[in-house]
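J.: Below are the C-alpha cells for one structure; questions will follow.
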Amino acid sequence: MVPGRIARRFAGLAAEGRAGFIPFVTAGYPTPDHTRDLLAGLAELGADVIELGIPFSDPMADGPTIQRSSQGALEGGTRVDDVFAALAELRRTSEVPVVLFSYLNPVYARGVGTFVSEAAEAGADGILPTDLPLGADPALEARLTESPLDFVRLIAPTTSADRVREIARASQGFVYYVARTGVTGARAELRGELAAEAGAVCAVSPVPVAVGFGVSTPGHARAVAAACDAVAVGSALVDRLDGGGVAGALALAGELRAALDEAGRSARRG
C-alpha cells in the first residue's frame, strides 16, 4: 500500500528531526474568503498537517473560542459543501495533508458513504470525529477505518494504559493526545505532567503522536515538542484571527513554526 500524504509528512519530519505543526481552522469563519486565505497562508509557511474544522451547532468538545467561530460560520451560511469547496481550492496549489475535524452529526446527515467519498474527492487525507470513542460503534468505525481517509483517534489524560495501547493501535495517520481534561481553549500554562504523559503515549504508539488542547504559545510548543511528534494549535489561532485578521493569525503560526523548528525533536523510540 502506498503511504498517504500524512504518513509521508511524518516520515519526513522524523528524518529531519523536527516536530510537526498542526494548525486548526474553522471553515467559513469569519468568512469563506478568510478561510481560503488562511489555508493558503498556513500551507505556504510550512504547516505539516492542517485540521479543517466543520462548523457544528453543538460542539461539545470545544470551548468558547471554537464554539464562537463555529456559530459565526454557521450564521454566515457555511455548510459541508463549502468546506469541501475550500479544501478543493487548496488542493490546486498545495499538497499539505488535511484532516477534517468533525462531529458525527454532519457525517450522518450527509450519509457516511457520501461524506467519505466527497471528502476524499475534495482532497481530504483524514477524519477526526471527536465524538466517536473506540468501541462506541464498531460498524461505523470499521467503515471509517476501511475508507480512503485516515481515521485519527483521540486519547485523553484520563485514558487507562491498556486503552491507550488499544486506541493507538486503532488510529491511522497519527493519534491525537488531549493535553488536558475539559474542552479546547487557549491557556496561560500547561500542566506539569503533560510531557511525561505524552512521552508514555509515544512509547507504546505505532503511529505518530500529536498533542493539542490548550497549546497556545511558542513557549508551549517548544515544551511539548520534546515529548511528541507534532503540536496542534487551534483556539489561540482563532483568537488571533479575531484580533488581527488573517495576517495576525499567520504571524502567530509563523512564530509557532519557528519555535518547533528551534526545538527539534528528541528520539522517542529506541
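Going through the C-alpha cells in order, the chains are called A, B, and so on, while each chain numbers its residues from 1 and the ligands are numbered from 1 in the order shown.
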So that I can see what lies close to A:Val25, please list as a list in words the residues with an atom at most 10 Å from it, counting only C-alpha atoms and leaving out residues fewer than 4 positions away in the same chain.
T.: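 Surrounding residues, per the criterion: Tyr29, Thr35, Leu38, Leu39, Leu42, Ile50, Glu51, Leu52, Gly53, Ile54, Ile66, Ser69, Leu100, Phe101, Val233, Gly234, Ser235, Leu237, Val238 and Leu241 of chain A.
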J.: List the spatial neighbours of A:Gly28 as a list of chain:residue names - criterion: any atom at most 9 Å away, only C-alpha atoms, same-chain residues fewer than 4 positions off excluded.
T.: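 Using only C-alpha atoms, the neighbours found are A:Pro32, A:Asp33, A:His34, A:Thr35, A:Arg36, A:Ile54, A:Pro55, A:Ser69, A:Ser70, A:Gly72, A:Ala73, A:Leu74, A:Gly76, A:Gly77, A:Thr78, A:Arg79, A:Asp82, A:Val83, A:Ala86.
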J.: Could you save the residues just selected, with all heavy atoms, as a compact mmCIF listing (two decimals), in the first residue's frame?
T.:
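So the final result, stored in selection_27.txt, reads:
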```txt
# COMPACT_ATOMS: atom_id res chain seq x y z
N PRO A 32 -15.85 32.79 4.19
CA PRO A 32 -15.15 31.83 3.32
C PRO A 32 -13.85 32.39 2.75
O PRO A 32 -12.87 31.65 2.58
CB PRO A 32 -16.18 31.55 2.22
CG PRO A 32 -17.51 31.77 2.88
CD PRO A 32 -17.28 32.92 3.81
N ASP A 33 -13.82 33.67 2.44
CA ASP A 33 -12.59 34.27 1.91
C ASP A 33 -11.46 34.20 2.94
O ASP A 33 -10.31 33.93 2.58
CB ASP A 33 -12.83 35.73 1.52
CG ASP A 33 -13.63 35.87 0.23
OD1 ASP A 33 -13.72 34.87 -0.52
OD2 ASP A 33 -14.16 36.97 -0.03
N HIS A 34 -11.79 34.46 4.21
CA HIS A 34 -10.77 34.34 5.25
C HIS A 34 -10.23 32.91 5.31
O HIS A 34 -9.02 32.70 5.46
CB HIS A 34 -11.36 34.71 6.62
CG HIS A 34 -11.58 36.17 6.83
ND1 HIS A 34 -12.69 36.83 6.37
CD2 HIS A 34 -10.82 37.11 7.46
CE1 HIS A 34 -12.62 38.11 6.71
NE2 HIS A 34 -11.50 38.31 7.37
N THR A 35 -11.12 31.93 5.20
CA THR A 35 -10.69 30.54 5.26
C THR A 35 -9.75 30.21 4.11
O THR A 35 -8.70 29.59 4.31
CB THR A 35 -11.91 29.60 5.21
OG1 THR A 35 -12.73 29.84 6.36
CG2 THR A 35 -11.47 28.14 5.20
N ARG A 36 -10.10 30.61 2.90
CA ARG A 36 -9.24 30.32 1.75
C ARG A 36 -7.86 30.97 1.92
O ARG A 36 -6.83 30.33 1.66
CB ARG A 36 -9.91 30.81 0.48
CG ARG A 36 -11.09 29.96 0.03
CD ARG A 36 -11.54 30.34 -1.37
NE ARG A 36 -12.21 31.65 -1.38
CZ ARG A 36 -13.51 31.82 -1.23
NH1 ARG A 36 -14.30 30.77 -1.05
NH2 ARG A 36 -14.05 33.02 -1.28
N ILE A 54 -15.18 21.39 10.61
CA ILE A 54 -16.52 21.55 10.04
C ILE A 54 -17.40 22.17 11.11
O ILE A 54 -17.59 21.57 12.18
CB ILE A 54 -17.08 20.20 9.58
CG1 ILE A 54 -16.23 19.64 8.44
CG2 ILE A 54 -18.54 20.34 9.13
CD1 ILE A 54 -16.66 18.27 7.95
N PRO A 55 -17.93 23.37 10.89
CA PRO A 55 -18.72 24.03 11.93
C PRO A 55 -19.96 23.22 12.28
O PRO A 55 -20.64 22.68 11.40
CB PRO A 55 -19.07 25.38 11.32
CG PRO A 55 -18.91 25.21 9.85
CD PRO A 55 -17.85 24.19 9.66
N SER A 69 -16.55 30.56 16.89
CA SER A 69 -16.20 30.53 15.47
C SER A 69 -17.14 29.61 14.70
O SER A 69 -17.53 29.91 13.57
CB SER A 69 -14.73 30.09 15.29
OG SER A 69 -14.53 28.76 15.71
N SER A 70 -17.52 28.48 15.29
CA SER A 70 -18.45 27.59 14.63
C SER A 70 -19.81 28.25 14.43
O SER A 70 -20.41 28.16 13.35
CB SER A 70 -18.63 26.30 15.45
OG SER A 70 -17.48 25.50 15.40
N GLY A 72 -20.42 31.45 14.30
CA GLY A 72 -20.27 32.50 13.30
C GLY A 72 -20.26 31.97 11.89
O GLY A 72 -20.86 32.55 10.97
N ALA A 73 -19.57 30.84 11.69
CA ALA A 73 -19.53 30.23 10.36
C ALA A 73 -20.91 29.76 9.93
O ALA A 73 -21.32 29.96 8.78
CB ALA A 73 -18.54 29.07 10.35
N LEU A 74 -21.64 29.14 10.84
CA LEU A 74 -22.98 28.67 10.51
C LEU A 74 -23.92 29.83 10.20
O LEU A 74 -24.70 29.79 9.24
CB LEU A 74 -23.55 27.84 11.66
CG LEU A 74 -22.87 26.49 11.91
CD1 LEU A 74 -23.39 25.86 13.19
CD2 LEU A 74 -23.07 25.55 10.73
N GLY A 76 -23.09 32.57 8.99
CA GLY A 76 -22.69 33.10 7.70
C GLY A 76 -23.06 32.20 6.53
O GLY A 76 -22.79 32.56 5.38
N GLY A 77 -23.65 31.05 6.83
CA GLY A 77 -24.13 30.17 5.77
C GLY A 77 -23.21 29.02 5.40
O GLY A 77 -23.49 28.30 4.44
N THR A 78 -22.12 28.82 6.14
CA THR A 78 -21.19 27.74 5.79
C THR A 78 -21.83 26.38 6.02
O THR A 78 -22.38 26.11 7.10
CB THR A 78 -19.90 27.85 6.63
OG1 THR A 78 -19.24 29.08 6.30
CG2 THR A 78 -18.96 26.68 6.33
N ARG A 79 -21.71 25.52 5.03
CA ARG A 79 -22.20 24.16 5.10
C ARG A 79 -21.10 23.21 4.64
O ARG A 79 -20.03 23.64 4.20
CB ARG A 79 -23.46 24.00 4.24
CG ARG A 79 -24.62 24.91 4.67
CD ARG A 79 -25.14 24.56 6.05
NE ARG A 79 -26.29 25.37 6.45
CZ ARG A 79 -26.19 26.48 7.20
NH1 ARG A 79 -25.01 26.91 7.60
NH2 ARG A 79 -27.28 27.15 7.55
N ASP A 82 -19.41 23.86 1.39
CA ASP A 82 -18.45 24.96 1.40
C ASP A 82 -17.10 24.52 1.95
O ASP A 82 -16.05 24.99 1.50
CB ASP A 82 -19.01 26.13 2.22
CG ASP A 82 -20.35 26.60 1.71
OD1 ASP A 82 -20.44 27.02 0.54
OD2 ASP A 82 -21.34 26.51 2.47
N VAL A 83 -17.14 23.62 2.94
CA VAL A 83 -15.88 23.09 3.48
C VAL A 83 -15.14 22.32 2.40
O VAL A 83 -13.93 22.51 2.20
CB VAL A 83 -16.17 22.19 4.69
CG1 VAL A 83 -14.85 21.64 5.27
CG2 VAL A 83 -16.94 22.94 5.77
N ALA A 86 -13.62 24.71 -0.17
CA ALA A 86 -12.39 25.38 0.29
C ALA A 86 -11.21 24.42 0.22
O ALA A 86 -10.09 24.81 -0.17
CB ALA A 86 -12.58 25.89 1.72
```
J.: List as a PyMOL selection string the protein and nucleic acid residues near stretch 146-152 of chain A, meaning an atom at most 12 Å away when only C-alpha atoms are counted, but skip any in the same chain fewer than 2 places from it.
T.: chain A and resi 1-7+51+97-102+112-134+139-144+154-155+167-177+207-210
J.: Please extract the residues of stretch 145-264 of chain A with a backbone DSSP assignment of helix (DSSP H, G or I) and present them as a PyMOL selection string.
T.: chain A and resi 145+161-170+194-204+218-225+235-263
J.: Got a sec to tell me which of stretch 89-234 of chain A DSSP assigns to strand (DSSP E or B), as a tab-separated table (two decimals) with N, CA, C and O atoms, in the first residue's frame?
T.:
```tsv
chain	number	residue	atom	x	y	z
A	98	VAL	N	-4.51	17.31	5.00
A	98	VAL	CA	-5.63	17.95	5.68
A	98	VAL	C	-6.49	16.88	6.35
A	98	VAL	O	-6.87	15.90	5.72
A	99	VAL	N	-6.76	17.10	7.64
A	99	VAL	CA	-7.64	16.22	8.41
A	99	VAL	C	-8.91	17.00	8.73
A	99	VAL	O	-8.84	18.12	9.26
A	100	LEU	N	-10.06	16.43	8.42
A	100	LEU	CA	-11.33	17.05	8.75
A	100	LEU	C	-11.66	16.79	10.22
A	100	LEU	O	-11.69	15.64	10.66
A	101	PHE	N	-11.88	17.85	10.96
A	101	PHE	CA	-12.20	17.79	12.38
A	101	PHE	C	-13.71	17.98	12.47
A	101	PHE	O	-14.22	19.05	12.18
A	102	SER	N	-14.44	16.92	12.84
A	102	SER	CA	-15.89	16.99	12.75
A	102	SER	C	-16.56	16.22	13.88
A	102	SER	O	-15.96	15.33	14.49
A	126	GLY	N	-7.68	12.74	6.04
A	126	GLY	CA	-8.09	12.05	7.24
A	126	GLY	C	-9.34	12.68	7.83
A	126	GLY	O	-9.80	13.74	7.39
A	127	ILE	N	-9.88	11.99	8.83
A	127	ILE	CA	-11.03	12.50	9.56
A	127	ILE	C	-10.81	12.23	11.04
A	127	ILE	O	-10.34	11.16	11.43
A	128	LEU	N	-11.13	13.22	11.86
A	128	LEU	CA	-11.04	13.08	13.31
A	128	LEU	C	-12.44	13.36	13.86
A	128	LEU	O	-12.82	14.51	14.06
A	129	PRO	N	-13.23	12.32	14.09
A	129	PRO	CA	-14.57	12.51	14.66
A	129	PRO	C	-14.46	12.58	16.18
A	129	PRO	O	-14.11	11.60	16.83
A	150	ASP	N	-7.66	8.56	6.54
A	150	ASP	CA	-7.08	8.09	7.79
A	150	ASP	C	-8.02	8.44	8.93
A	150	ASP	O	-8.47	9.59	9.05
A	151	PHE	N	-8.31	7.48	9.78
A	151	PHE	CA	-9.22	7.64	10.91
A	151	PHE	C	-8.36	7.97	12.14
A	151	PHE	O	-7.80	7.08	12.77
A	153	ARG	N	-7.69	9.15	15.92
A	153	ARG	CA	-8.42	8.98	17.17
A	153	ARG	C	-7.82	9.83	18.29
A	153	ARG	O	-6.67	10.27	18.21
A	154	LEU	N	-8.62	10.03	19.32
A	154	LEU	CA	-8.25	10.85	20.47
A	154	LEU	C	-7.91	9.99	21.68
A	154	LEU	O	-8.56	8.97	21.93
A	155	ILE	N	-6.91	10.44	22.45
A	155	ILE	CA	-6.58	9.85	23.74
A	155	ILE	C	-6.61	10.97	24.78
A	155	ILE	O	-6.05	12.04	24.55
A	175	VAL	N	-2.17	9.76	16.18
A	175	VAL	CA	-3.13	9.77	17.26
A	175	VAL	C	-3.01	11.11	17.97
A	175	VAL	O	-1.92	11.68	18.07
A	176	TYR	N	-4.13	11.64	18.42
A	176	TYR	CA	-4.19	12.99	19.00
A	176	TYR	C	-4.32	12.86	20.51
A	176	TYR	O	-5.33	12.36	21.02
A	177	TYR	N	-3.28	13.29	21.25
A	177	TYR	CA	-3.32	13.26	22.70
A	177	TYR	C	-3.83	14.60	23.22
A	177	TYR	O	-3.26	15.65	22.91
A	178	VAL	N	-4.91	14.54	23.99
A	178	VAL	CA	-5.54	15.75	24.53
A	178	VAL	C	-4.74	16.21	25.75
A	178	VAL	O	-4.58	15.46	26.72
A	209	VAL	N	2.36	10.75	17.39
A	209	VAL	CA	1.51	11.32	18.42
A	209	VAL	C	1.54	12.84	18.33
A	209	VAL	O	2.61	13.46	18.37
A	210	ALA	N	0.35	13.45	18.19
A	210	ALA	CA	0.22	14.90	18.22
A	210	ALA	C	-0.44	15.30	19.53
A	210	ALA	O	-1.31	14.60	20.04
A	211	VAL	N	-0.03	16.43	20.08
A	211	VAL	CA	-0.59	16.93	21.33
A	211	VAL	C	-1.29	18.26	21.07
A	211	VAL	O	-0.74	19.15	20.41
A	212	GLY	N	-2.52	18.39	21.57
A	212	GLY	CA	-3.27	19.63	21.41
A	212	GLY	C	-4.20	19.87	22.57
A	212	GLY	O	-4.13	19.18	23.59
A	230	ALA	N	4.16	15.94	17.03
A	230	ALA	CA	3.54	17.13	16.44
A	230	ALA	C	2.75	17.87	17.51
A	230	ALA	O	2.32	17.29	18.51
A	231	VAL	N	2.57	19.15	17.26
A	231	VAL	CA	1.83	20.02	18.18
A	231	VAL	C	0.67	20.65	17.43
A	231	VAL	O	0.86	21.21	16.34
A	232	ALA	N	-0.53	20.54	17.99
A	232	ALA	CA	-1.73	21.10	17.37
A	232	ALA	C	-2.17	22.35	18.11
A	232	ALA	O	-2.22	22.36	19.34
A	233	VAL	N	-2.49	23.40	17.37
A	233	VAL	CA	-2.91	24.67	17.96
A	233	VAL	C	-4.17	25.15	17.26
A	233	VAL	O	-4.20	25.23	16.02
```
J.: My list of candidates is A:Leu250, A:Val107, A:Ala40, A:Val80. Which is closest to A:Arg92 when distances are computed with only C-alpha atoms?
T.: A:Ala40
J.: Taking 3 positions as the minimum chain separation for residues in the same chain, which residues sit within 7 Å of A:Ala221 when counting only C-alpha atoms? Answer as a PDB file with N, CA, C and O atoms, in the first residue's frame.
T.:
```
ATOM      1  N   VAL A 215      -2.567  24.220  23.922  1.00  0.00           N
ATOM      2  CA  VAL A 215      -1.252  24.686  23.474  1.00  0.00           C
ATOM      3  C   VAL A 215      -1.458  26.016  22.762  1.00  0.00           C
ATOM      4  O   VAL A 215      -2.175  26.086  21.760  1.00  0.00           O
ATOM      5  N   THR A 217       1.138  29.071  22.875  1.00  0.00           N
ATOM      6  CA  THR A 217       2.248  29.993  22.657  1.00  0.00           C
ATOM      7  C   THR A 217       3.456  29.264  22.078  1.00  0.00           C
ATOM      8  O   THR A 217       3.551  28.027  22.175  1.00  0.00           O
ATOM      9  N   PRO A 218       4.403  29.998  21.505  1.00  0.00           N
ATOM     10  CA  PRO A 218       5.637  29.356  21.058  1.00  0.00           C
ATOM     11  C   PRO A 218       6.352  28.628  22.191  1.00  0.00           C
ATOM     12  O   PRO A 218       6.930  27.555  21.970  1.00  0.00           O
ATOM     13  N   VAL A 224       6.312  21.148  24.528  1.00  0.00           N
ATOM     14  CA  VAL A 224       5.615  19.923  24.164  1.00  0.00           C
ATOM     15  C   VAL A 224       6.374  19.151  23.096  1.00  0.00           C
ATOM     16  O   VAL A 224       6.349  17.921  23.059  1.00  0.00           O
ATOM     17  N   ALA A 225       7.073  19.854  22.216  1.00  0.00           N
ATOM     18  CA  ALA A 225       7.712  19.215  21.065  1.00  0.00           C
ATOM     19  C   ALA A 225       8.725  18.154  21.461  1.00  0.00           C
ATOM     20  O   ALA A 225       8.927  17.187  20.716  1.00  0.00           O
ATOM     21  N   VAL A 231       2.569  19.154  17.262  1.00  0.00           N
ATOM     22  CA  VAL A 231       1.832  20.021  18.182  1.00  0.00           C
ATOM     23  C   VAL A 231       0.674  20.654  17.426  1.00  0.00           C
ATOM     24  O   VAL A 231       0.862  21.214  16.338  1.00  0.00           O
ATOM     25  N   LEU A 256       4.971  29.963  15.903  1.00  0.00           N
ATOM     26  CA  LEU A 256       4.863  28.577  16.369  1.00  0.00           C
ATOM     27  C   LEU A 256       5.728  27.645  15.530  1.00  0.00           C
ATOM     28  O   LEU A 256       6.422  26.770  16.057  1.00  0.00           O
ATOM     29  N   ALA A 259       9.315  28.154  16.516  1.00  0.00           N
ATOM     30  CA  ALA A 259       9.608  27.570  17.822  1.00  0.00           C
ATOM     31  C   ALA A 259       9.796  26.060  17.719  1.00  0.00           C
ATOM     32  O   ALA A 259      10.694  25.487  18.355  1.00  0.00           O
ATOM     33  N   LEU A 260       8.979  25.417  16.916  1.00  0.00           N
ATOM     34  CA  LEU A 260       9.118  23.972  16.742  1.00  0.00           C
ATOM     35  C   LEU A 260      10.402  23.621  16.005  1.00  0.00           C
ATOM     36  O   LEU A 260      11.064  22.634  16.321  1.00  0.00           O
TER      37      LEU A 260
END
```
